$ cat protein.txt   # compact mmCIF, C-alpha atoms and all ligand atoms
# COMPACT_ATOMS: atom_id res chain seq x y z
CA MET A 17 7.45 -5.04 -26.61
CA SER A 18 4.93 -2.56 -25.40
CA ILE A 19 2.35 -2.68 -22.69
CA PRO A 20 -1.09 -1.04 -22.86
CA GLU A 21 -0.34 0.77 -19.59
CA ASN A 22 0.39 4.04 -21.45
CA GLY A 23 -3.21 4.25 -22.64
CA TYR A 24 -4.16 4.92 -19.02
CA ARG A 25 -2.26 8.19 -19.20
CA ASP A 26 -4.29 9.46 -22.16
CA ASN A 27 -4.95 13.14 -21.40
CA GLU A 28 -7.94 13.42 -23.67
CA LEU A 29 -9.67 10.45 -22.07
CA ALA A 30 -8.78 11.73 -18.60
CA ARG A 31 -10.33 15.11 -19.44
CA ARG A 32 -13.54 13.50 -20.63
CA ILE A 33 -13.87 11.45 -17.47
CA LEU A 34 -13.23 14.57 -15.42
CA ASP A 35 -16.02 16.39 -17.30
CA ARG A 36 -18.32 13.51 -16.48
CA ILE A 37 -17.39 13.74 -12.78
CA HIS A 38 -18.41 17.40 -12.83
CA THR A 39 -21.71 16.53 -14.55
CA ALA A 40 -22.45 13.69 -12.13
CA MET A 41 -21.81 15.96 -9.12
CA ALA A 42 -24.46 18.50 -10.19
CA GLY A 43 -26.72 19.12 -7.21
CA LEU A 44 -24.58 16.97 -4.89
CA ASP A 45 -22.61 18.24 -1.92
CA GLY A 46 -20.52 16.85 0.91
CA VAL A 47 -19.23 13.85 -1.05
CA ARG A 48 -16.15 12.53 0.76
CA LEU A 49 -14.09 9.96 -1.09
CA MET A 50 -11.11 8.36 0.61
CA GLU A 51 -8.13 6.64 -0.92
CA VAL A 52 -6.58 4.11 1.42
CA CYS A 53 -3.35 3.51 -0.40
CA GLY A 54 -0.27 5.71 -0.24
CA THR A 55 0.40 5.05 -3.92
CA HIS A 56 -3.03 6.56 -4.73
CA THR A 57 -2.22 9.51 -2.47
CA MET A 58 0.91 10.09 -4.54
CA ALA A 59 -0.93 9.68 -7.85
CA ILE A 60 -3.60 12.19 -6.81
CA GLY A 61 -0.89 14.65 -5.76
CA ARG A 62 1.36 14.13 -8.76
CA PHE A 63 -1.41 14.50 -11.34
CA GLY A 64 -3.01 17.44 -9.55
CA LEU A 65 -6.37 15.66 -9.35
CA ARG A 66 -7.56 17.25 -6.12
CA ALA A 67 -7.66 20.76 -7.55
CA ALA A 68 -9.53 19.48 -10.61
CA MET A 69 -12.43 18.11 -8.56
CA PRO A 70 -15.78 19.94 -8.53
CA ASP A 71 -17.02 21.80 -5.45
CA GLY A 72 -18.67 19.50 -2.97
CA LEU A 73 -16.31 16.62 -3.70
CA ASP A 74 -13.42 16.10 -1.28
CA LEU A 75 -10.61 13.60 -1.73
CA LEU A 76 -9.24 12.40 1.61
CA SER A 77 -6.18 10.32 2.40
CA GLY A 78 -6.70 7.31 4.61
CA PRO A 79 -4.37 5.24 6.80
CA GLY A 80 -2.70 3.61 3.79
CA CYS A 81 0.91 4.61 4.34
CA PRO A 82 2.48 1.65 6.18
CA VAL A 83 5.46 3.68 7.31
CA CYS A 84 3.16 6.33 8.82
CA VAL A 85 1.17 3.85 10.89
CA THR A 86 4.19 1.93 12.23
CA PRO A 87 4.41 2.59 16.00
CA GLY A 88 7.14 4.81 17.38
CA SER A 89 8.21 2.00 19.72
CA TYR A 90 8.90 -0.15 16.66
CA ILE A 91 11.28 2.47 15.23
CA ASP A 92 13.04 2.85 18.58
CA ALA A 93 13.38 -0.92 18.95
CA ALA A 94 14.83 -1.26 15.45
CA ALA A 95 17.29 1.57 16.11
CA ARG A 96 18.35 -0.10 19.38
CA LEU A 97 18.99 -3.36 17.54
CA ALA A 98 21.26 -1.53 15.09
CA ALA A 99 23.05 0.15 18.01
CA ASP A 100 23.56 -3.28 19.60
CA GLY A 101 25.37 -4.63 16.54
CA VAL A 102 22.50 -6.32 14.72
CA THR A 103 22.35 -5.68 10.96
CA VAL A 104 18.98 -4.03 10.33
CA VAL A 105 17.68 -4.27 6.77
CA THR A 106 14.73 -2.08 5.82
CA PHE A 107 12.69 -0.52 3.04
CA GLY A 108 14.09 2.98 2.49
CA ASP A 109 11.17 5.00 3.75
CA MET A 110 11.62 3.81 7.31
CA VAL A 111 15.07 5.32 7.78
CA ARG A 112 14.08 8.90 8.51
CA VAL A 113 10.91 8.26 10.48
CA PRO A 114 11.29 9.48 14.06
CA GLY A 115 10.46 7.07 16.86
CA LYS A 116 9.75 8.39 20.32
CA GLU A 117 13.43 8.55 21.24
CA THR A 118 15.46 8.03 18.10
CA SER A 119 15.42 7.00 14.44
CA LEU A 120 17.25 4.54 12.22
CA GLU A 121 19.05 7.49 10.68
CA SER A 122 20.47 8.45 14.08
CA ALA A 123 21.38 4.85 14.83
CA ARG A 124 23.28 4.70 11.56
CA ALA A 125 25.05 8.00 12.20
CA ALA A 126 26.14 6.56 15.56
CA GLY A 127 27.78 3.60 13.80
CA GLY A 128 24.87 1.14 13.62
CA ARG A 129 24.50 -0.99 10.51
CA VAL A 130 21.25 -0.05 8.73
CA ILE A 131 20.92 -1.31 5.19
CA VAL A 132 18.25 -0.09 2.79
CA ALA A 133 16.91 -2.76 0.45
CA GLY A 134 14.07 -3.04 -2.01
CA SER A 135 13.31 -6.60 -1.03
CA VAL A 136 13.41 -8.97 1.95
CA THR A 137 15.56 -11.25 -0.20
CA ALA A 138 18.51 -8.90 0.33
CA ALA A 139 18.31 -9.50 4.09
CA LEU A 140 18.24 -13.24 3.62
CA ASP A 141 21.27 -13.03 1.33
CA ILE A 142 23.24 -11.11 3.95
CA ALA A 143 22.28 -13.66 6.60
CA HIS A 144 23.63 -16.38 4.30
CA ARG A 145 26.92 -14.65 3.63
CA GLU A 146 27.71 -13.36 7.10
CA PRO A 147 27.58 -14.93 10.54
CA GLY A 148 26.07 -11.90 12.33
CA GLU A 149 22.43 -11.44 13.26
CA VAL A 150 20.20 -9.90 10.58
CA VAL A 151 16.75 -8.43 11.18
CA PHE A 152 14.41 -7.35 8.39
CA LEU A 153 11.81 -4.68 9.19
CA ALA A 154 8.60 -6.33 8.00
CA VAL A 155 6.11 -3.52 7.47
CA GLY A 156 3.43 -3.11 4.83
CA PHE A 157 -0.03 -4.28 3.88
CA GLU A 158 -1.36 -7.41 2.18
CA THR A 159 0.76 -6.64 -0.89
CA THR A 160 4.03 -7.00 0.97
CA ALA A 161 3.16 -9.72 3.50
CA PRO A 162 3.47 -12.59 0.96
CA THR A 163 7.06 -11.58 0.16
CA ILE A 164 7.99 -11.64 3.85
CA ALA A 165 6.14 -14.91 4.41
CA ALA A 166 7.97 -16.54 1.49
CA ALA A 167 11.33 -15.39 2.89
CA VAL A 168 10.58 -16.63 6.41
CA ARG A 169 9.46 -19.98 5.05
CA ALA A 170 12.64 -20.22 2.97
CA ALA A 171 14.75 -19.29 6.00
CA ARG A 172 13.18 -22.09 8.02
CA ALA A 173 13.62 -24.60 5.20
CA GLU A 174 17.31 -23.70 5.05
CA GLY A 175 17.73 -23.90 8.83
CA SER A 176 18.87 -20.29 9.01
CA ASP A 177 19.61 -19.24 12.60
CA ASN A 178 20.73 -15.62 12.21
CA PHE A 179 17.74 -14.18 10.33
CA SER A 180 14.55 -12.81 11.84
CA VAL A 181 11.81 -10.30 11.04
CA LEU A 182 10.34 -7.53 13.18
CA VAL A 183 6.69 -7.70 12.18
CA SER A 184 4.30 -4.77 12.02
CA HIS A 185 2.14 -5.84 9.10
CA LYS A 186 -1.26 -4.21 8.74
CA LEU A 187 -4.46 -5.28 7.02
CA VAL A 188 -6.66 -2.99 4.94
CA PRO A 189 -10.25 -4.23 5.54
CA PRO A 190 -10.13 -3.65 9.35
CA ALA A 191 -8.83 -0.11 8.66
CA LEU A 192 -11.83 0.58 6.40
CA ARG A 193 -14.13 -0.65 9.17
CA LEU A 194 -12.40 1.59 11.67
CA ILE A 195 -13.02 4.62 9.44
CA GLN A 196 -16.70 3.79 8.87
CA ASP A 197 -17.35 3.02 12.55
CA ASP A 198 -16.26 6.50 13.58
CA PRO A 199 -18.97 9.10 12.88
CA GLU A 200 -16.31 11.82 12.64
CA CYS A 201 -14.52 9.93 9.86
CA ALA A 202 -17.18 8.10 7.86
CA VAL A 203 -16.82 8.67 4.13
CA SER A 204 -19.15 8.41 1.11
CA GLY A 205 -16.99 6.00 -0.85
CA PHE A 206 -13.59 4.34 -0.97
CA ILE A 207 -10.99 4.27 -3.73
CA LEU A 208 -9.73 0.79 -2.87
CA PRO A 209 -6.05 -0.16 -3.04
CA GLY A 210 -5.18 -1.80 -6.35
CA HIS A 211 -2.12 -3.73 -5.32
CA VAL A 212 -3.49 -4.96 -1.99
CA SER A 213 -6.40 -6.25 -4.05
CA THR A 214 -4.15 -8.25 -6.39
CA ILE A 215 -3.60 -10.44 -3.32
CA ILE A 216 -6.92 -10.39 -1.45
CA GLY A 217 -9.31 -10.09 -4.42
CA VAL A 218 -12.75 -8.54 -4.29
CA ALA A 219 -14.71 -10.49 -1.66
CA PRO A 220 -13.07 -9.00 1.49
CA TYR A 221 -14.64 -5.61 0.64
CA ALA A 222 -18.24 -6.90 0.43
CA PHE A 223 -18.94 -5.75 4.00
CA LEU A 224 -18.67 -2.12 2.86
CA VAL A 225 -21.93 -2.54 0.96
CA ASP A 226 -23.57 -5.14 3.20
CA GLU A 227 -22.91 -3.43 6.50
CA TYR A 228 -22.27 0.23 5.71
CA SER A 229 -24.02 0.79 2.35
CA VAL A 230 -20.92 2.54 1.10
CA PRO A 231 -19.44 1.95 -2.39
CA GLY A 232 -15.85 1.07 -3.23
CA VAL A 233 -13.89 0.90 -6.47
CA ILE A 234 -10.66 -1.05 -6.86
CA ALA A 235 -8.57 1.26 -9.01
CA GLY A 236 -5.18 1.35 -10.66
CA PHE A 237 -2.69 4.18 -10.35
CA GLU A 238 -2.67 6.02 -13.67
CA PRO A 239 -4.75 9.19 -14.10
CA VAL A 240 -7.44 7.42 -16.15
CA ASP A 241 -7.71 4.67 -13.51
CA VAL A 242 -8.13 7.08 -10.61
CA LEU A 243 -10.54 9.38 -12.44
CA ALA A 244 -12.68 6.49 -13.71
CA GLY A 245 -12.80 5.17 -10.14
CA ILE A 246 -13.94 8.55 -8.81
CA GLU A 247 -16.56 8.87 -11.56
CA SER A 248 -17.94 5.46 -10.76
CA LEU A 249 -18.06 6.25 -7.01
CA VAL A 250 -19.82 9.57 -7.57
CA ARG A 251 -22.51 7.89 -9.66
CA MET A 252 -23.03 5.17 -7.07
CA VAL A 253 -23.32 7.81 -4.33
CA ARG A 254 -25.72 9.89 -6.44
CA ASP A 255 -27.94 6.93 -7.34
CA GLY A 256 -27.82 5.40 -3.86
CA GLU A 257 -26.66 2.11 -5.37
CA PRO A 258 -23.50 1.12 -3.55
CA ALA A 259 -21.43 -1.76 -4.91
CA VAL A 260 -17.83 -2.90 -4.91
CA ARG A 261 -16.41 -2.63 -8.41
CA ASN A 262 -13.15 -3.87 -9.79
CA GLU A 263 -11.84 -1.41 -12.35
CA TYR A 264 -8.26 -2.71 -12.23
CA ARG A 265 -8.96 -6.03 -13.90
CA ARG A 266 -5.60 -6.14 -15.68
CA VAL A 267 -3.99 -7.22 -12.40
CA VAL A 268 -6.82 -7.82 -9.93
CA ARG A 269 -8.61 -11.15 -10.30
CA ARG A 270 -11.88 -11.66 -8.45
CA GLU A 271 -10.21 -14.35 -6.30
CA GLY A 272 -6.99 -12.37 -5.78
CA ASN A 273 -3.81 -14.46 -5.64
CA PRO A 274 -4.59 -17.69 -3.72
CA ALA A 275 -0.96 -18.87 -3.87
CA ALA A 276 0.17 -15.66 -2.17
CA ARG A 277 -2.53 -15.95 0.49
CA ALA A 278 -1.56 -19.57 1.14
CA VAL A 279 2.04 -18.59 1.97
CA VAL A 280 0.81 -15.81 4.23
CA ASP A 281 -1.62 -18.17 6.01
CA GLU A 282 1.09 -20.72 6.52
CA VAL A 283 3.50 -18.28 8.17
CA PHE A 284 1.27 -15.61 9.73
CA GLU A 285 -1.97 -15.39 11.68
CA PRO A 286 -4.24 -12.37 12.23
CA ALA A 287 -3.49 -10.42 15.40
CA ASP A 288 -4.40 -7.20 17.17
CA THR A 289 -1.97 -4.49 16.25
CA ALA A 290 -1.21 -0.86 17.12
CA TRP A 291 -1.59 1.80 14.42
CA ARG A 292 0.48 4.84 15.14
CA GLY A 293 -1.72 7.81 16.02
CA ILE A 294 -4.86 5.68 15.86
CA GLY A 295 -4.49 3.00 18.50
CA ARG A 296 -4.88 -0.68 18.88
CA VAL A 297 -7.26 -2.21 16.35
CA PRO A 298 -8.52 -5.77 16.84
CA LEU A 299 -7.27 -8.31 14.28
CA SER A 300 -5.93 -5.59 12.01
CA GLY A 301 -2.44 -7.01 11.64
CA LEU A 302 -0.38 -10.16 11.33
CA ARG A 303 1.96 -12.03 13.64
CA LEU A 304 4.10 -15.09 13.03
CA ARG A 305 2.50 -18.43 13.80
CA PRO A 306 4.02 -20.46 16.68
CA ASP A 307 5.80 -22.73 14.16
CA TYR A 308 7.78 -19.73 12.96
CA ALA A 309 8.40 -18.12 16.37
CA ALA A 310 12.16 -18.65 15.96
CA PHE A 311 12.09 -15.99 13.22
CA ASP A 312 10.24 -13.43 15.31
CA ALA A 313 12.68 -10.63 16.18
CA ALA A 314 10.32 -9.28 18.85
CA ARG A 315 10.54 -12.59 20.69
CA ARG A 316 14.20 -13.09 20.03
CA TYR A 317 15.18 -9.71 21.43
CA GLY A 318 12.35 -9.19 23.96
CA ILE A 319 10.70 -6.24 22.19
CA ASP A 320 7.25 -4.96 23.20
CA LEU A 321 5.51 -3.00 20.44
CA ASP A 322 2.24 -2.12 22.06
CA GLU A 323 2.01 1.67 21.93
CA TYR A 324 1.29 4.33 19.39
CA GLU A 325 2.42 7.81 20.44
CA LEU A 326 3.11 10.58 17.96
CA PRO A 327 5.60 13.43 18.35
CA ALA A 328 4.16 16.33 20.39
CA GLY A 329 1.64 18.37 18.41
CA CYS A 330 1.53 15.99 15.43
CA ARG A 331 -1.98 15.23 14.17
CA CYS A 332 -1.16 12.36 11.79
CA GLY A 333 -3.77 10.21 13.56
CA ASP A 334 -6.54 12.67 12.62
CA VAL A 335 -5.15 13.28 9.14
CA MET A 336 -5.03 9.55 8.36
CA ARG A 337 -8.64 9.08 9.38
CA GLY A 338 -9.88 11.93 7.20
CA ARG A 339 -10.85 13.99 10.27
CA MET A 340 -8.47 16.77 9.40
CA GLU A 341 -6.80 18.20 6.30
CA PRO A 342 -2.99 18.21 6.54
CA ALA A 343 -2.94 21.99 6.19
CA ASP A 344 -5.15 22.29 9.29
CA CYS A 345 -2.41 20.85 11.49
CA PRO A 346 -0.86 23.86 13.27
CA LEU A 347 2.63 22.55 12.50
CA PHE A 348 2.07 21.98 8.74
CA GLY A 349 4.50 23.93 6.57
CA ASP A 350 6.00 25.77 9.54
CA ALA A 351 7.49 23.54 12.21
CA CYS A 352 6.85 20.51 9.99
CA THR A 353 8.11 20.32 6.38
CA PRO A 354 9.56 17.52 4.24
CA ASP A 355 13.08 18.84 4.94
CA SER A 356 12.48 19.02 8.64
CA PRO A 357 9.55 16.72 9.40
CA THR A 358 7.87 16.37 12.77
CA GLY A 359 5.53 13.48 12.14
CA PRO A 360 5.59 10.28 10.10
CA CYS A 361 3.02 11.59 7.58
CA MET A 362 5.53 14.25 6.55
CA VAL A 363 8.53 11.89 6.46
CA SER A 364 7.23 9.15 4.24
CA VAL A 365 7.17 10.06 0.54
CA GLU A 366 3.63 8.73 0.41
CA GLY A 367 2.46 10.26 3.68
CA ALA A 368 -0.57 12.53 3.30
CA CYS A 369 1.25 15.60 4.70
CA SER A 370 4.33 15.10 2.55
CA VAL A 371 2.33 14.64 -0.65
CA ARG A 372 0.24 17.74 0.07
CA HIS A 373 3.28 19.83 0.84
CA LYS A 374 5.19 18.66 -2.20
CA TYR A 375 2.47 18.96 -4.81
CA GLU A 376 0.04 21.50 -3.47
CA GLY A 377 2.03 23.50 -0.95
CA LYS A 378 -1.01 23.44 1.30
CA MET B 16 4.93 1.29 -0.33
CA CYS B 17 2.65 -1.03 -2.23
CA LEU B 18 4.17 0.41 -5.39
CA SER B 19 4.37 -2.33 -7.98
CA VAL B 20 5.51 -2.18 -11.59
CA PRO B 21 4.68 -4.28 -14.64
CA GLY B 22 7.43 -6.12 -16.46
CA LYS B 23 8.01 -9.00 -18.86
CA VAL B 24 9.46 -12.26 -17.58
CA ILE B 25 12.84 -13.06 -19.15
CA GLU B 26 13.71 -16.35 -17.49
CA ILE B 27 12.67 -18.52 -14.57
CA ASP B 28 14.61 -21.23 -12.78
CA GLY B 29 12.60 -22.74 -9.93
CA THR B 30 11.29 -19.82 -7.88
CA LYS B 31 14.00 -17.39 -9.04
CA GLY B 32 14.26 -15.50 -12.27
CA THR B 33 14.51 -12.15 -14.00
CA VAL B 34 11.99 -9.63 -15.31
CA ASP B 35 12.47 -6.83 -17.81
CA VAL B 36 11.06 -3.75 -16.12
CA ALA B 37 11.21 -0.76 -18.47
CA GLY B 38 14.47 -2.01 -19.99
CA ASN B 39 16.12 -3.00 -16.70
CA THR B 40 16.72 -6.62 -15.78
CA VAL B 41 15.37 -7.16 -12.29
CA GLU B 42 16.00 -10.24 -10.11
CA THR B 43 12.58 -11.53 -9.19
CA ASP B 44 11.14 -14.24 -6.97
CA PHE B 45 8.22 -16.28 -8.35
CA THR B 46 7.18 -18.16 -5.21
CA VAL B 47 3.66 -16.70 -5.21
CA THR B 48 3.15 -16.80 -9.01
CA PRO B 49 4.09 -20.43 -9.74
CA ASP B 50 2.26 -20.57 -13.08
CA VAL B 51 3.96 -17.75 -14.97
CA GLN B 52 6.21 -18.47 -17.96
CA PRO B 53 8.96 -16.54 -19.70
CA GLY B 54 7.32 -13.98 -21.98
CA ASP B 55 4.38 -13.35 -19.60
CA TRP B 56 3.76 -9.93 -18.15
CA VAL B 57 3.80 -9.75 -14.35
CA LEU B 58 3.42 -7.16 -11.63
CA VAL B 59 6.60 -6.87 -9.55
CA HIS B 60 6.48 -5.71 -5.93
CA ALA B 61 9.46 -5.67 -3.54
CA GLY B 62 11.40 -8.20 -5.59
CA PHE B 63 8.50 -10.62 -6.06
CA ALA B 64 6.16 -11.22 -8.99
CA ILE B 65 2.83 -10.90 -7.14
CA GLN B 66 0.38 -11.33 -10.01
CA GLN B 67 0.18 -11.81 -13.76
CA TYR B 68 -0.50 -8.67 -15.76
CA ASP B 69 -3.23 -9.42 -18.29
CA ALA B 70 -2.36 -7.31 -21.34
CA ASP B 71 -5.54 -8.36 -23.19
CA GLU B 72 -7.67 -7.28 -20.25
CA ALA B 73 -5.74 -3.99 -20.11
CA GLU B 74 -6.70 -3.33 -23.76
CA ALA B 75 -10.30 -4.42 -23.18
CA THR B 76 -10.79 -2.17 -20.14
CA LEU B 77 -9.29 0.76 -22.00
CA ARG B 78 -11.54 0.16 -24.99
CA MET B 79 -14.54 0.01 -22.68
CA LEU B 80 -13.56 3.26 -20.98
CA ARG B 81 -13.03 4.97 -24.34
CA GLU B 82 -16.52 3.91 -25.41
CA ALA B 83 -18.13 4.86 -22.11
CA PHE B 84 -16.61 8.32 -22.17
CA GLU B 85 -16.89 9.10 -25.84
CA GLY B 86 -17.75 12.71 -26.75
CA THR B 87 -19.72 14.80 -24.29
CA GLU B 88 -22.96 14.00 -22.54
S1 LIG A 401 1.92 18.40 9.36
FE1 LIG A 401 3.56 17.26 10.41
S2 LIG A 401 3.05 17.38 12.57
FE2 LIG A 401 1.18 17.93 11.43
S3 LIG A 401 0.06 16.00 11.16
FE3 LIG A 401 1.34 16.23 9.36
S4 LIG A 401 3.22 15.10 9.89
FE4 LIG A 401 2.14 15.44 11.82
$ encode --input "protein.txt" --output "structure tokens"
Amino acid sequence: MSIPENGYRDNELARRILDRIHTAMAGLDGVRLMEVCGTHTMAIGRFGLRAAMPDGLDLLSGPGCPVCVTPGSYIDAAARLAADGVTVVTFGDMVRVPGKETSLESARAAGGRVIVAGSVTAALDIAHREPGEVVFLAVGFETTAPTIAAAVRAARAEGSDNFSVLVSHKLVPPALRLIQDDPECAVSGFILPGHVSTIIGVAPYAFLVDEYSVPGVIAGFEPVDVLAGIESLVRMVRDGEPAVRNEYRRVVRREGNPAARAVVDEVFEPADTAWRGIGRVPLSGLRLRPDYAAFDAARRYGIDLDEYELPAGCRCGDVMRGRMEPADCPLFGDACTPDSPTGPCMVSVEGACSVRHKYEGK
Amino acid sequence: MCLSVPGKVIEIDGTKGTVDVAGNTVETDFTVTPDVQPGDWVLVHAGFAIQQYDADEAEATLRMLREAFEGTE
């Protein structure tokens, strides 16, 4: 029972692709490629790909770490719920992220009930078993939204009255637009998020070519995937022939996953949302539809999530837009380290600052 | 956070079932992949099978890459 996935870690093949990247870059300069998925950020760090790139080719991390872009007010609100006796269930990465006033870690230390789970299903199970109120922290991109939507729909079907979700879902295409609309950020090409694309498919990226003449490659997460994606982007930049290519066909279908999108559309609708350190971006997130308002923790507990401050001195907002290298933040490595983080990009294991510090020390 | 891992479906009962992920049996929800069958490969994210993993396509892409990047230029 083996899976061909291991072939994508073939060192020899990876080396050949890397050689070809160097060849293709001859005579080119100022090529800025951005990955917009935290899992890509980690892959690039873990496999040491940045240092292997030729001169003139920069790899930048985009706003693709959901934990990093979740507003500070959201963290504070979740911590307050835990302090008030609500069981808060969350993906693990959220626990240490500082809000403006507090964190879930502090709420837990003070006796609040904060449970880390790998799936929203765990929260629903607790709500079944116990009479108390349970809130799941619904963060993440298009990959995660279908799982939350399915759980909310199931909760309604069962008539659950003690389960709700605090929603801060984000959408990738509006984030790409935000980057390209800002002359300080604009990049030469995008390494597009493989697992977001399993859901949304290829079509939602067409505007990159049509409106911005910038190429994108949907890539997987093994070294061969990422390198082949970069090689393809460099050639498209060199030849001035932008296109959106799907190089992760083993899990990304052209049409994405229509069943997953149908559940999301049934439960959620697009909404303006605040990205921490970046600001409010029109229609860049999801909110529950009126039919599902009973499962909206923000409504249930009167929570207002409209703000996006960062801790003093933290430049995550600039880092996540490719305006600034993590190491150029004055706090990087000194006041801000993975053991004692200042900003969300250093807390999350897939935050740009954390990945840089861990794998490159700079 | 979009981390997803491939695994092989062991059994499915309605929308619930289990997937073998690298030797571990993982409880998995199949609400958004209603067509998968035991024995299929799927991509698992946050407790849900979010897409089928096409092992033939994985081989084909790899073969294509090997051909495209054969030898030196
Ligand atoms: S190094 Fe720390 S303070 Fe600076 S941008 Fe990164 S997370 Fe924020």
$ residues_around --input "protein.txt" --residues "Leu18 (chain B)" --least-positions-apart "6" --cutoff "9 Å" --atoms "all atoms listed in the file" --output "ChimeraX atom specification"
/A:54-55,211 /B:59-61
$ interface_residues --input "protein.txt" --of "chain B" --to "chain A" --cutoff "6 Å" --atoms "only C-alpha atoms" --output "ChimeraX atom specification"
/B:47,61-62,68-69,72-73
$ atom_distance --input "protein.txt" --atom1 "atom S4 of ligand LIG 401 (chain A)" --atom2 "CA of Leu120 (chain A)"
17.7 Å
$ atom_distance --input "protein.txt" --atom1 "CA of Asp92 (chain A)" --atom2 "CA of Pro114 (chain A)"
8.2 Å
$ residues_around --input "protein.txt" --residues "Ile25 (chain B)" --least-positions-apart "5" --cutoff "8 Å" --atoms "all atoms listed in the file" --output "list of chain:residue names"
B:Gly32, B:Thr33, B:Val34, B:Asp35, B:Pro53, B:Gly54
$ write_last_selection --input "protein.txt" --atoms "C-alpha atoms" --output "PDB file, in the coordinates of the input"
ATOM      1  CA  GLY B  32      14.260 -15.500 -12.270  1.00  0.00           C
ATOM      2  CA  THR B  33      14.510 -12.150 -14.000  1.00  0.00           C
ATOM      3  CA  VAL B  34      11.990  -9.630 -15.310  1.00  0.00           C
ATOM      4  CA  ASP B  35      12.470  -6.830 -17.810  1.00  0.00           C
ATOM      5  CA  PRO B  53       8.960 -16.540 -19.700  1.00  0.00           C
ATOM      6  CA  GLY B  54       7.320 -13.980 -21.980  1.00  0.00           C
TER       7      GLY B  54
END
$ residues_near_ligand --input "protein.txt" --ligand "ligand LIG 401 (chain A)" --cutoff "10 Å" --atoms "all atoms listed in the file" --output "NGL selection string"
:A and (84 or 293 or 326-336 or 340-354 or 356-364 or 367-370 or 372-373 or 378)
$ residues_around --input "protein.txt" --residues "Leu140 (chain A)" --least-positions-apart "5" --cutoff "12 Å" --atoms "only C-alpha atoms" --output "JSON, numbers by chain"
{"A": [103, 104, 105, 106, 133, 135, 145, 146, 147, 148, 149, 150, 151, 152, 163, 164, 166, 167, 168, 169, 170, 171, 172, 174, 175, 176, 177, 178, 179, 180, 181, 311]}
$ atom_distance --input "protein.txt" --atom1 "CA of Met50 (chain A)" --atom2 "CA of Val230 (chain A)"
11.4 Å
$ closest_residue --input "protein.txt" --among "A:Trp291, A:Ala161, A:Phe206, A:Ala40" --to "Met16 (chain B)" --atoms "all atoms listed in the file"
A:Ala161
$ residues_around --input "protein.txt" --residues "Phe63 (chain A)" --least-positions-apart "5" --cutoff "9 Å" --atoms "all atoms listed in the file" --output "VMD selection string"
chain A and resid 58 238 to 239 375
$ residues_around --input "protein.txt" --residues "region 123-126 of chain A" --least-positions-apart "4" --cutoff "7 Å" --atoms "all atoms listed in the file" --output "PyMOL selection string"
chain A and resi 95+98-99+119+130
$ residues_near_point --input "protein.txt" --point "(-19.5, -1.4, 0.2)" --cutoff "10 Å" --atoms "all atoms listed in the file" --output "PyMOL selection string"
chain A and resi 204-206+221-233+257-261
